[in-house]
file data_19.txt (compact mmCIF, C-alpha atoms)
# COMPACT_ATOMS: atom_id res chain seq x y z
CA MET U 224 0.00 0.00 0.00
CA LYS U 225 1.23 3.47 -0.90
CA ASN U 226 0.90 6.60 1.22
CA LEU U 227 -1.65 9.21 0.17
CA LEU U 228 -0.93 12.32 2.24
CA LEU U 229 -4.18 14.14 2.98
CA VAL U 230 -3.38 17.77 3.85
CA PHE U 231 -6.26 19.61 5.52
CA GLY U 232 -7.10 22.59 7.73
CA GLY U 233 -4.95 25.49 6.57
CA ARG U 234 -4.61 29.23 7.02
CA SER U 235 -7.92 30.18 5.49
CA ALA U 236 -11.39 31.37 6.37
CA GLU U 237 -12.46 28.01 4.94
CA HIS U 238 -10.46 26.08 7.57
CA THR U 239 -13.50 24.29 9.02
CA VAL U 240 -14.82 23.44 5.55
CA SER U 241 -11.49 21.74 4.83
CA ILE U 242 -11.77 19.64 8.00
CA THR U 243 -15.31 18.63 7.01
CA SER U 244 -14.05 17.69 3.53
CA ALA U 245 -11.22 15.62 5.04
CA ASN U 246 -13.56 13.65 7.28
CA SER U 247 -15.97 13.06 4.42
CA PHE U 248 -13.16 11.99 2.09
CA ILE U 249 -11.81 9.48 4.62
CA ARG U 250 -15.27 7.97 5.13
CA GLY U 251 -15.84 7.58 1.39
CA PHE U 252 -12.42 6.34 0.24
CA THR U 253 -11.79 2.61 0.73
CA GLY U 254 -8.24 2.77 -0.62
CA ARG U 255 -7.54 -0.27 -2.77
CA HIS U 256 -3.98 0.88 -3.46
CA HIS U 257 -3.40 3.74 -1.04
CA ARG U 258 -3.64 4.30 2.71
CA VAL U 259 -4.54 7.78 3.92
CA VAL U 260 -1.99 9.62 6.06
CA PRO U 261 -3.45 12.80 7.63
CA LEU U 262 -1.48 16.03 7.88
CA TYR U 263 -3.19 18.97 9.58
CA ILE U 264 -2.20 22.64 9.20
CA SER U 265 -3.49 24.92 11.93
CA LEU U 266 -5.04 28.34 11.39
CA GLU U 267 -1.73 29.80 12.56
CA GLY U 268 0.20 27.78 9.97
CA THR U 269 1.62 25.03 12.22
CA TRP U 270 2.17 21.71 10.43
CA MET U 271 1.33 18.75 12.68
CA LEU U 272 2.76 15.25 12.28
CA PRO U 273 0.37 12.43 11.33
CA GLY U 274 -0.24 11.23 14.89
CA ASP U 275 -1.29 14.64 16.15
CA SER U 276 -3.09 15.40 12.88
CA SER U 277 -5.33 12.35 13.28
CA LEU U 278 -6.69 13.85 16.52
CA LYS U 279 -8.22 16.68 14.46
CA LEU U 280 -10.44 14.17 12.66
CA ASP U 281 -13.80 12.82 13.79
CA PRO U 282 -13.46 9.71 16.00
CA ASP U 283 -14.99 7.35 13.44
CA CYS U 284 -12.28 8.32 10.92
CA LEU U 285 -9.34 7.36 13.15
CA ARG U 286 -9.45 3.65 12.30
CA LYS U 287 -9.34 4.44 8.57
CA VAL U 288 -6.08 6.43 8.55
CA SER U 289 -2.45 5.50 8.92
CA VAL U 290 -0.23 7.38 11.37
CA PRO U 291 3.40 6.46 10.62
CA GLU U 292 6.15 7.74 12.85
CA VAL U 293 8.11 10.57 11.25
CA ARG U 294 11.71 10.63 12.46
CA GLU U 295 13.35 12.81 9.80
CA PRO U 296 12.49 16.40 8.86
CA LEU U 297 8.88 16.44 7.65
CA PHE U 298 9.54 17.52 4.06
CA ASP U 299 12.32 14.94 3.70
CA TRP U 300 9.88 12.31 4.95
CA ILE U 301 7.24 13.45 2.44
CA ARG U 302 9.73 13.26 -0.42
CA GLN U 303 10.87 9.75 0.55
CA HIS U 304 7.69 8.07 1.80
CA VAL U 305 4.67 9.75 0.18
CA ASP U 306 3.35 8.51 -3.16
CA THR U 307 0.88 11.38 -3.72
CA VAL U 308 -0.30 14.46 -1.85
CA PHE U 309 -3.96 15.45 -1.78
CA PRO U 310 -4.08 19.11 -0.66
CA LEU U 311 -7.71 19.25 0.43
CA LEU U 312 -7.32 22.90 1.43
CA HIS U 313 -9.95 25.41 0.40
CA GLY U 314 -9.33 29.10 -0.14
CA THR U 315 -6.14 31.07 0.44
CA TYR U 316 -2.86 29.23 1.17
CA GLY U 317 -4.33 26.08 -0.31
CA GLU U 318 -6.22 26.79 -3.51
CA ASP U 319 -4.21 29.78 -4.72
CA GLY U 320 -0.96 28.17 -5.86
CA THR U 321 1.04 28.73 -2.68
CA ILE U 322 1.08 25.17 -1.35
CA GLN U 323 1.27 23.83 -4.89
CA GLY U 324 4.55 25.68 -5.26
CA LEU U 325 5.81 24.07 -2.07
CA PHE U 326 5.06 20.57 -3.37
CA GLU U 327 6.75 21.44 -6.67
CA MET U 328 9.86 22.43 -4.69
CA ILE U 329 9.75 19.26 -2.60
CA GLY U 330 9.34 17.19 -5.76
CA VAL U 331 6.25 15.11 -4.99
CA PRO U 332 3.14 14.40 -7.10
CA TYR U 333 0.02 16.22 -5.88
CA ILE U 334 -3.63 16.20 -6.90
CA GLY U 335 -5.14 19.25 -8.55
CA ALA U 336 -4.08 22.24 -10.59
CA GLY U 337 -0.51 23.52 -10.61
CA VAL U 338 0.85 26.83 -9.42
CA LEU U 339 -0.24 28.97 -12.37
CA GLY U 340 -3.68 27.44 -12.85
CA SER U 341 -4.44 27.54 -9.15
CA SER U 342 -3.42 31.18 -8.73
CA MET U 343 -5.35 32.36 -11.79
CA ALA U 344 -8.54 30.47 -10.97
CA MET U 345 -8.48 31.60 -7.34
CA ASP U 346 -8.75 35.25 -8.33
CA LYS U 347 -12.26 35.81 -9.63
CA VAL U 348 -11.31 39.01 -11.46
CA ILE U 349 -8.32 37.44 -13.24
CA THR U 350 -10.49 34.46 -14.12
CA LYS U 351 -13.21 36.65 -15.62
CA SER U 352 -10.69 38.73 -17.58
CA LEU U 353 -9.06 35.66 -19.13
CA LEU U 354 -12.37 34.00 -19.92
CA GLU U 355 -13.78 37.18 -21.49
CA PHE U 356 -10.68 37.56 -23.65
CA ASN U 357 -11.15 34.00 -24.89
CA GLY U 358 -14.83 34.36 -25.67
CA VAL U 359 -16.30 32.62 -22.62
CA PRO U 360 -19.38 34.55 -21.40
CA VAL U 361 -19.30 35.87 -17.82
CA VAL U 362 -21.76 37.90 -15.75
CA PRO U 363 -21.28 41.70 -16.14
CA TYR U 364 -18.95 42.96 -13.41
CA LEU U 365 -16.56 45.60 -12.16
CA SER U 366 -13.77 45.46 -9.56
CA PHE U 367 -11.55 47.69 -7.47
CA TYR U 368 -8.79 47.48 -4.87
CA ARG U 369 -8.92 48.43 -1.20
CA MET U 370 -6.68 51.47 -1.85
CA GLU U 371 -9.11 52.73 -4.50
CA TRP U 372 -12.03 52.34 -2.08
CA GLU U 373 -10.20 54.13 0.70
CA ALA U 374 -9.16 56.96 -1.63
CA ASP U 375 -12.57 57.58 -3.22
CA PRO U 376 -15.49 55.60 -1.76
CA SER U 377 -18.12 58.05 -3.02
CA GLY U 378 -16.76 57.80 -6.56
CA ILE U 379 -16.96 54.01 -6.48
CA LEU U 380 -20.47 54.09 -5.02
CA LYS U 381 -21.53 56.26 -7.96
CA ARG U 382 -19.73 54.07 -10.50
CA ILE U 383 -21.46 50.83 -9.50
CA PRO U 384 -25.10 51.75 -10.37
CA GLY U 385 -23.82 53.70 -13.37
CA LYS U 386 -22.38 50.51 -14.89
CA LEU U 387 -24.46 47.69 -13.40
CA PRO U 388 -28.20 47.65 -12.68
CA SER U 389 -29.29 46.31 -9.30
CA PRO U 390 -29.34 43.92 -7.58
CA TRP U 391 -25.62 43.36 -7.06
CA PHE U 392 -23.47 40.60 -5.61
CA VAL U 393 -20.51 42.00 -3.69
CA LYS U 394 -17.65 39.51 -3.28
CA PRO U 395 -14.04 39.25 -2.17
CA ALA U 396 -11.99 38.56 -5.31
CA ASN U 397 -10.14 35.72 -3.58
CA ALA U 398 -12.39 33.57 -1.42
CA GLY U 399 -14.60 30.52 -1.71
CA SER U 400 -17.57 28.80 -0.06
CA SER U 401 -19.56 32.05 -0.50
CA ILE U 402 -17.58 33.63 2.35
CA GLY U 403 -17.85 37.42 2.45
CA ILE U 404 -20.55 37.58 -0.24
CA THR U 405 -23.54 39.89 0.11
CA LYS U 406 -26.55 40.33 -2.16
CA VAL U 407 -27.40 44.03 -2.28
CA LYS U 408 -30.69 45.42 -3.55
CA ALA U 409 -30.39 49.07 -2.50
CA GLU U 410 -27.56 51.56 -3.07
CA LYS U 411 -27.57 52.54 0.62
CA ASP U 412 -26.40 48.99 1.51
CA LEU U 413 -23.44 48.86 -0.86
CA SER U 414 -20.92 50.42 1.52
CA LEU U 415 -21.46 47.84 4.27
CA ALA U 416 -21.29 44.98 1.76
CA ILE U 417 -18.00 46.30 0.38
CA GLU U 418 -16.53 46.57 3.89
CA THR U 419 -17.61 42.97 4.52
CA ALA U 420 -15.85 41.75 1.37
CA LEU U 421 -12.70 43.68 2.29
CA LYS U 422 -12.42 41.65 5.49
CA TYR U 423 -11.41 38.69 3.33
CA ASP U 424 -9.40 40.22 0.48
CA ASP U 425 -7.86 43.47 -0.77
CA ARG U 426 -9.88 43.40 -3.99
CA VAL U 427 -13.65 43.55 -4.39
CA LEU U 428 -15.75 42.15 -7.21
CA ILE U 429 -19.22 43.53 -7.97
CA GLU U 430 -21.44 41.41 -10.20
CA GLN U 431 -24.82 42.16 -11.69
CA GLY U 432 -27.51 40.01 -10.10
CA LEU U 433 -29.53 38.04 -12.64
CA ASN U 434 -32.56 35.74 -12.48
CA VAL U 435 -30.79 32.46 -13.12
CA ARG U 436 -30.62 28.72 -12.64
CA GLU U 437 -27.40 27.56 -10.95
CA ILE U 438 -25.73 24.71 -12.83
CA GLU U 439 -22.50 22.94 -11.88
CA ILE U 440 -20.31 20.46 -13.72
CA SER U 441 -17.28 18.40 -12.68
CA VAL U 442 -14.17 18.45 -14.83
CA MET U 443 -11.14 16.15 -14.77
CA GLY U 444 -7.97 15.96 -16.84
CA ASN U 445 -4.66 17.64 -17.55
CA ILE U 446 -5.43 20.64 -19.79
CA SER U 447 -7.46 18.34 -22.06
CA ALA U 448 -10.48 17.37 -19.99
CA ARG U 449 -13.58 15.24 -19.65
CA VAL U 450 -16.74 16.31 -17.89
CA SER U 451 -19.47 14.76 -15.77
CA VAL U 452 -23.19 15.09 -16.12
CA PRO U 453 -24.25 18.55 -14.90
CA GLY U 454 -26.13 19.14 -11.67
CA GLU U 455 -28.39 21.94 -10.50
CA ILE U 456 -28.40 23.72 -7.16
CA ILE U 457 -31.78 24.94 -5.90
CA PRO U 458 -30.91 27.38 -3.09
CA GLY U 459 -32.87 27.34 0.12
CA ALA U 460 -32.16 31.04 0.68
CA ASP U 461 -32.05 34.18 -1.45
CA PHE U 462 -28.85 32.77 -2.94
CA TYR U 463 -26.54 29.81 -2.29
CA ASP U 464 -24.63 31.36 0.63
CA TYR U 465 -22.28 29.91 3.28
CA GLN U 466 -25.11 29.32 5.75
CA ASP U 467 -27.17 27.46 3.17
CA LYS U 468 -24.19 25.38 2.04
CA TYR U 469 -22.91 24.19 5.39
CA HIS U 470 -25.45 24.82 8.15
CA ALA U 471 -29.07 25.41 7.18
CA GLY U 472 -29.14 22.51 4.74
CA LYS U 473 -32.21 23.87 2.92
CA SER U 474 -30.70 23.85 -0.55
CA GLN U 475 -31.40 20.95 -2.87
CA SER U 476 -29.34 19.39 -5.64
CA VAL U 477 -30.69 17.75 -8.76
CA ILE U 478 -28.30 15.35 -10.54
CA PRO U 479 -28.45 15.18 -13.47
CA ALA U 480 -29.88 18.62 -14.10
CA ASP U 481 -33.02 18.81 -16.20
CA LEU U 482 -31.47 20.35 -19.32
CA SER U 483 -31.80 19.81 -23.05
CA GLU U 484 -29.03 17.90 -24.82
CA GLU U 485 -28.11 21.10 -26.64
CA MET U 486 -27.77 23.02 -23.37
CA ILE U 487 -25.68 20.22 -21.84
CA ARG U 488 -23.40 20.27 -24.88
CA LYS U 489 -22.92 24.04 -24.65
CA ILE U 490 -22.12 23.93 -20.94
CA SER U 491 -19.77 20.97 -21.37
CA ASP U 492 -17.89 22.65 -24.22
CA CYS U 493 -17.66 25.90 -22.26
CA ALA U 494 -16.31 24.05 -19.20
CA LYS U 495 -13.64 22.27 -21.25
CA LYS U 496 -12.60 25.54 -22.86
CA ALA U 497 -12.34 27.33 -19.50
CA PHE U 498 -10.31 24.42 -18.09
CA ALA U 499 -7.80 24.80 -20.92
CA VAL U 500 -7.73 28.63 -20.90
CA LEU U 501 -6.92 28.69 -17.18
CA ASN U 502 -4.20 26.04 -17.56
CA LEU U 503 -5.96 23.72 -15.14
CA GLU U 504 -5.00 20.17 -14.27
CA GLY U 505 -6.40 17.37 -12.17
CA MET U 506 -9.86 18.56 -11.22
CA ALA U 507 -12.22 21.49 -11.09
CA ARG U 508 -15.86 22.16 -10.43
CA ILE U 509 -17.13 24.84 -12.78
CA ASP U 510 -20.30 26.74 -11.93
CA PHE U 511 -22.62 28.25 -14.52
CA PHE U 512 -25.69 30.43 -14.61
CA ILE U 513 -28.53 30.03 -17.11
CA ASP U 514 -30.63 33.17 -17.46
CA ARG U 515 -34.25 32.16 -16.86
CA GLU U 516 -35.54 34.81 -19.28
CA THR U 517 -33.10 34.63 -22.20
CA GLY U 518 -31.50 31.18 -21.83
CA ALA U 519 -28.05 32.79 -21.98
CA ILE U 520 -25.20 30.86 -20.34
CA TYR U 521 -22.66 32.56 -18.07
CA LEU U 522 -19.65 30.97 -16.44
CA ASN U 523 -19.84 32.05 -12.80
CA GLU U 524 -16.90 30.52 -10.98
CA VAL U 525 -14.11 27.94 -11.15
CA ASN U 526 -13.15 25.87 -8.09
CA THR U 527 -9.84 24.01 -8.39
CA ILE U 528 -10.18 22.21 -5.04
CA PRO U 529 -13.90 21.54 -4.82
CA GLY U 530 -15.46 20.37 -1.61
CA PHE U 531 -15.60 16.71 -0.63
CA THR U 532 -18.19 17.23 2.12
CA PRO U 533 -21.36 15.10 2.26
CA ILE U 534 -23.25 17.68 0.19
CA SER U 535 -20.45 18.47 -2.26
CA MET U 536 -21.39 18.30 -5.91
CA TYR U 537 -18.01 17.37 -7.42
CA PRO U 538 -17.90 13.69 -6.36
CA LYS U 539 -21.69 13.31 -6.55
CA MET U 540 -21.77 14.37 -10.22
CA TRP U 541 -19.00 11.89 -11.10
CA VAL U 542 -20.84 9.08 -9.31
CA ALA U 543 -23.97 9.98 -11.31
CA THR U 544 -21.85 9.81 -14.47
CA GLY U 545 -20.82 6.23 -13.63
CA LEU U 546 -17.46 6.74 -11.90
CA SER U 547 -17.27 5.32 -8.38
CA TYR U 548 -15.79 7.36 -5.53
CA ASP U 549 -12.65 5.19 -5.34
CA ASP U 550 -12.21 5.20 -9.12
CA LEU U 551 -12.51 9.00 -9.08
CA ILE U 552 -9.71 9.33 -6.51
CA GLU U 553 -7.51 6.80 -8.30
CA SER U 554 -8.04 8.73 -11.56
CA LEU U 555 -6.98 11.97 -9.84
CA ILE U 556 -3.89 10.21 -8.46
CA ASP U 557 -3.04 8.93 -11.95
CA LEU U 558 -3.36 12.45 -13.36
CA ALA U 559 -1.04 13.78 -10.64
CA HIS U 560 1.61 11.22 -11.57
CA GLN U 561 1.16 11.84 -15.28
CA ARG U 562 1.93 15.53 -14.77
CA PHE U 563 4.81 14.70 -12.41
CA ARG U 564 6.45 12.49 -15.04
CA GLN U 565 6.02 15.14 -17.71
CA ARG U 566 7.54 17.83 -15.50
CA LYS U 567 10.55 15.63 -14.72
CA GLU U 568 11.33 15.52 -18.43
CA ILE U 569 11.75 19.30 -18.53
CA ALA U 570 15.42 20.27 -18.25
CA SER U 571 16.33 22.06 -15.03
CA ASN U 572 19.74 23.15 -16.29
CA PHE U 573 20.95 24.70 -19.56
CA LEU U 574 21.70 22.17 -22.28
CA THR U 575 23.39 22.99 -25.57
CA ILE U 576 22.12 21.41 -28.77
CA GLY U 577 23.23 17.81 -28.98
CA SER U 578 24.20 17.53 -25.32
CA ARG U 579 22.74 14.93 -22.94

call {"tool": "encode", "arguments": {"input": "data_19.txt", "output": "structure tokens"}}
result
Amino acid sequence: MKNLLLVFGGRSAEHTVSITSANSFIRGFTGRHHRVVPLYISLEGTWMLPGDSSLKLDPDCLRKVSVPEVREPLFDWIRQHVDTVFPLLHGTYGEDGTIQGLFEMIGVPYIGAGVLGSSMAMDKVITKSLLEFNGVPVVPYLSFYRMEWEADPSGILKRIPGKLPSPWFVKPANAGSSIGITKVKAEKDLSLAIETALKYDDRVLIEQGLNVREIEISVMGNISARVSVPGEIIPGADFYDYQDKYHAGKSQSVIPADLSEEMIRKISDCAKKAFAVLNLEGMARIDFFIDRETGAIYLNEVNTIPGFTPISMYPKMWVATGLSYDDLIESLIDLAHQRFRQRKEIASNFLTIGSR
């Protein structure tokens, strides 16, 4: 049996979501070829060894993980004894390319997008700019930095309704799980919503609110990708917010979504194109809107480390497509090793023509 290092927790506002994902993953993965070794990162950034990390898991998960003794420096141990790393870290310092860069430096295969793809997809504004440039439709938006807001808040408050009709969604540019997002219907409420978003990032994204259906699709591959059947989220609140996702439990999911074959084809093609444009690898859950009035499709968001909680759509859509949970994880591990082998073939020192 090979070691699959499950990294969870992390320095992010989505710390608890990561722990929930880790517990859910351990319960669902039977591990035909790999045993799960837990590695917890605290909110303060402390890396715990497997034995201490296992204590951060739910009691019923303890018997399903391996806790080897680590006698050498941790990163040396990872390089020598870990077959694959699964960084199940959501949000900043996990989904933004930072920890991916660390694993590149260590020289170990890891699941998910690389440094560039992760960092681009984490930033909602960069993502929208790249997708727009490549002809992928996105919801009308504008953005600004904290320093711009502090220098001229009244100017920004005038600019928003001048460019985008209400209602608006006010978001941190770099955050997930709907953290820091506010739906605003009146201009007088914009300022508070912006201040809320700025608690989680230095850049704010304002999107036009539309009357839409929320469609999600799972993607897997290395640049070239395959997709699952799509699913639909029916929010239990005004929109699919953090409370609805993880606490209230009033939202519903429909898998597969009730869509025409033509609509499924359009969404699938759009997801594959976005996956390639953003230089993604391994996995992603890509979220779409379908305008209820016009039928127009908009790509809403790209998640490079989707949730693996009990209600998470990424694994559920693959299971509905015919791929078992274990086969999904083994496929992601295979993709990680495929990329690792390809990267090893790239020269790390200067070679003249004809030299070996």

call {"tool": "residues_near_point", "arguments": {"input": "data_19.txt", "point": "(-22.3, 47.0, -9.8)", "cutoff": "6 Å", "atoms": "only C-alpha atoms", "output": "number ranges by chain"}}
result
U: 383-384, 387, 391, 429-431

call {"tool": "write_last_selection", "arguments": {"input": "data_19.txt", "atoms": "C-alpha atoms", "output": "short mmCIF file (atom, residue, chain, number, x, y, z; two decimals), in the frame of the given file"}}
result
data_model
loop_
_atom_site.label_atom_id
_atom_site.label_comp_id
_atom_site.auth_asym_id
_atom_site.auth_seq_id
_atom_site.Cartn_x
_atom_site.Cartn_y
_atom_site.Cartn_z
CA ILE U 383 -21.46 50.83 -9.50
CA PRO U 384 -25.10 51.75 -10.37
CA LEU U 387 -24.46 47.69 -13.40
CA TRP U 391 -25.62 43.36 -7.06
CA ILE U 429 -19.22 43.53 -7.97
CA GLU U 430 -21.44 41.41 -10.20
CA GLN U 431 -24.82 42.16 -11.69
#

call {"tool": "closest_residue", "arguments": {"input": "data_19.txt", "among": "U:Val452, U:Ile264, U:Ala336, U:Ala480", "to": "Ala543 of chain U", "atoms": "only C-alpha atoms"}}
result
U:Val452

call {"tool": "atom_distance", "arguments": {"input": "data_19.txt", "atom1": "atom CA of Ala559 of chain U", "atom2": "atom CA of Ile334 of chain U"}}
result
5.2 Å

call {"tool": "residues_near_point", "arguments": {"input": "data_19.txt", "point": "(1.8, 15.8, -14.4)", "cutoff": "9 Å", "atoms": "all atoms listed in the file", "output": "PyMOL selection string"}}
result
chain U and resi 332-333+337+445+504-505+557-567

call {"tool": "closest_residue", "arguments": {"input": "data_19.txt", "among": "U:Val450, U:Val407, U:Ile528, U:Val338", "to": "Phe231 of chain U", "atoms": "all atoms listed in the file"}}
result
U:Ile528

call {"tool": "closest_residue", "arguments": {"input": "data_19.txt", "among": "U:Pro529, U:Pro479, U:Pro261, U:Gly432", "to": "Val542 of chain U", "atoms": "all atoms listed in the file"}}
result
U:Pro479

call {"tool": "atom_distance", "arguments": {"input": "data_19.txt", "atom1": "atom CA of Ile404 of chain U", "atom2": "atom CA of Phe512 of chain U"}}
result
16.9 Å

call {"tool": "closest_residue", "arguments": {"input": "data_19.txt", "among": "U:Val240, U:Ile490, U:Val288, U:Met345", "to": "Asp424 of chain U", "atoms": "all atoms listed in the file"}}
result
U:Met345

call {"tool": "closest_residue", "arguments": {"input": "data_19.txt", "among": "U:Ser241, U:Asn357, U:Thr532, U:Ser247", "to": "Leu311 of chain U", "atoms": "all atoms listed in the file"}}
result
U:Ser241

call {"tool": "residues_around", "arguments": {"input": "data_19.txt", "residues": "Glu439 of chain U", "least_positions_apart": "5", "cutoff": "7 Å", "atoms": "all atoms listed in the file", "output": "ChimeraX atom specification"}}
result
/U:453-455,508-511
